[in-house]
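Since the structure comes first, as structure tokens, the remarks are kept for the end.
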Amino acid sequence: MQTGSKLKSFRIEKGLSPIQVADVVGISESTYRRYEADKTYPDINVIDKIARLFEKPISYFFQEESQQNHQQSVGSSIAQAYGSTVNQLSDKLIEMYEERIKDLNQQLDYWKSKANN
């Protein structure tokens, strides 16, 4: 299943219109419709927002494409290198998000302590 089909399926499952999804994510309706039509692909920040809205892991938006690329690959070494790169990028993104969450929690604790004083 292509990314656009996944997006449309999740949106319908949630009972949302394209404009509602676009508003929540912070993009134009036409941009979101291009994502669903597989005419363009969202950047990682938009994927993160969409994944949160649909309550899906970010990795879900990459799994099928990685499998298709592997199957269509001419050489297995190229497919393995690609898969390794995707895994490394995914691990790095997870680390970055965990670090950001840690920073935000520290800021939240700071502001809570200030509010209680």
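Convention: chains lettered A, B, ... in structure tokens order; per-chain residue numbering from 1; ligands numbered from 1 as shown.
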Proximity of stretch 10-70 of chain A to stretch 92-96 of chain A: per-residue shortest pair, 12 Å limit, only C-alpha atoms, as JSON lines:
{"residue": "A:Ile44", "atom": "CA", "partner": "A:Leu93", "partner_atom": "CA", "distance": 9.2}
{"residue": "A:Asn45", "atom": "CA", "partner": "A:Leu93", "partner_atom": "CA", "distance": 10.6}
{"residue": "A:Asp48", "atom": "CA", "partner": "A:Leu93", "partner_atom": "CA", "distance": 10.4}
{"residue": "A:Pro57", "atom": "CA", "partner": "A:Ile94", "partner_atom": "CA", "distance": 10.8}
{"residue": "A:Ile58", "atom": "CA", "partner": "A:Ile94", "partner_atom": "CA", "distance": 9.6}
{"residue": "A:Ser59", "atom": "CA", "partner": "A:Ile94", "partner_atom": "CA", "distance": 10.0}
For a quick check of understanding, using only C-alpha atoms, which of A:Ser113, A:Lys102, A:Gln107, A:Tyr60 has the smallest distance to A:Ser90?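 Looking at the shortest contact to A:Ser90, the residue is A:Tyr60.
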Determine, counting only C-alpha atoms, which protein, DNA and RNA residues have an atom within 10 Å of an atom of A:Phe10; residues of the same chain fewer than 4 positions away are not included. Present the result as a VMD selection string. chain A and resid 4 to 6 14 to 16 50 to 51 53 to 56
Create the file for the chosen residues now, containing N, CA and C atoms and written as a PDB file, in the first residue's frame.
ATOM      1  N   GLY A   4       0.085   7.403   0.173  1.00  0.00           N
ATOM      2  CA  GLY A   4      -1.159   8.137  -0.032  1.00  0.00           C
ATOM      3  C   GLY A   4      -2.382   7.313   0.325  1.00  0.00           C
ATOM      4  N   SER A   5      -2.361   6.055  -0.055  1.00  0.00           N
ATOM      5  CA  SER A   5      -3.475   5.152   0.283  1.00  0.00           C
ATOM      6  C   SER A   5      -3.583   4.955   1.782  1.00  0.00           C
ATOM      7  N   LYS A   6      -2.427   4.850   2.451  1.00  0.00           N
ATOM      8  CA  LYS A   6      -2.431   4.718   3.911  1.00  0.00           C
ATOM      9  C   LYS A   6      -3.041   5.961   4.554  1.00  0.00           C
ATOM     10  N   LYS A  14     -10.660   7.585  10.864  1.00  0.00           N
ATOM     11  CA  LYS A  14     -10.869   8.566  11.946  1.00  0.00           C
ATOM     12  C   LYS A  14     -12.101   9.443  11.701  1.00  0.00           C
ATOM     13  N   GLY A  15     -12.689   9.337  10.521  1.00  0.00           N
ATOM     14  CA  GLY A  15     -13.864  10.145  10.209  1.00  0.00           C
ATOM     15  C   GLY A  15     -13.545  11.608   9.979  1.00  0.00           C
ATOM     16  N   LEU A  16     -12.365  11.879   9.428  1.00  0.00           N
ATOM     17  CA  LEU A  16     -11.932  13.263   9.203  1.00  0.00           C
ATOM     18  C   LEU A  16     -11.959  13.605   7.719  1.00  0.00           C
ATOM     19  N   ILE A  50       1.233  13.794  11.393  1.00  0.00           N
ATOM     20  CA  ILE A  50       0.202  12.909  10.850  1.00  0.00           C
ATOM     21  C   ILE A  50       0.158  11.603  11.648  1.00  0.00           C
ATOM     22  N   ALA A  51       1.324  11.061  11.957  1.00  0.00           N
ATOM     23  CA  ALA A  51       1.391   9.813  12.721  1.00  0.00           C
ATOM     24  C   ALA A  51       0.736   9.985  14.091  1.00  0.00           C
ATOM     25  N   LEU A  53      -1.604  12.203  14.868  1.00  0.00           N
ATOM     26  CA  LEU A  53      -3.035  12.376  14.653  1.00  0.00           C
ATOM     27  C   LEU A  53      -3.723  11.037  14.446  1.00  0.00           C
ATOM     28  N   PHE A  54      -3.106  10.178  13.646  1.00  0.00           N
ATOM     29  CA  PHE A  54      -3.702   8.886  13.336  1.00  0.00           C
ATOM     30  C   PHE A  54      -3.315   7.804  14.337  1.00  0.00           C
ATOM     31  N   GLU A  55      -2.517   8.188  15.337  1.00  0.00           N
ATOM     32  CA  GLU A  55      -2.078   7.271  16.389  1.00  0.00           C
ATOM     33  C   GLU A  55      -1.358   6.053  15.804  1.00  0.00           C
ATOM     34  N   LYS A  56      -0.424   6.333  14.920  1.00  0.00           N
ATOM     35  CA  LYS A  56       0.393   5.304  14.270  1.00  0.00           C
ATOM     36  C   LYS A  56       1.860   5.644  14.494  1.00  0.00           C
TER      37      LYS A  56
END
Report the distance between atom CA of A:Gln20 and atom CA of A:Tyr32 in Å, rounded to one decimal place. 10.0 Å
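For the pair atom CA of A:Glu98 and atom CA of A:Leu7, the interatomic distance is 24.9 Å.
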Within 9 Å of A:Thr3 using only C-alpha atoms, minus same-chain residues under 4 positions, as a ChimeraX atom specification: /A:7-8,35-38,41,61-62,64-65
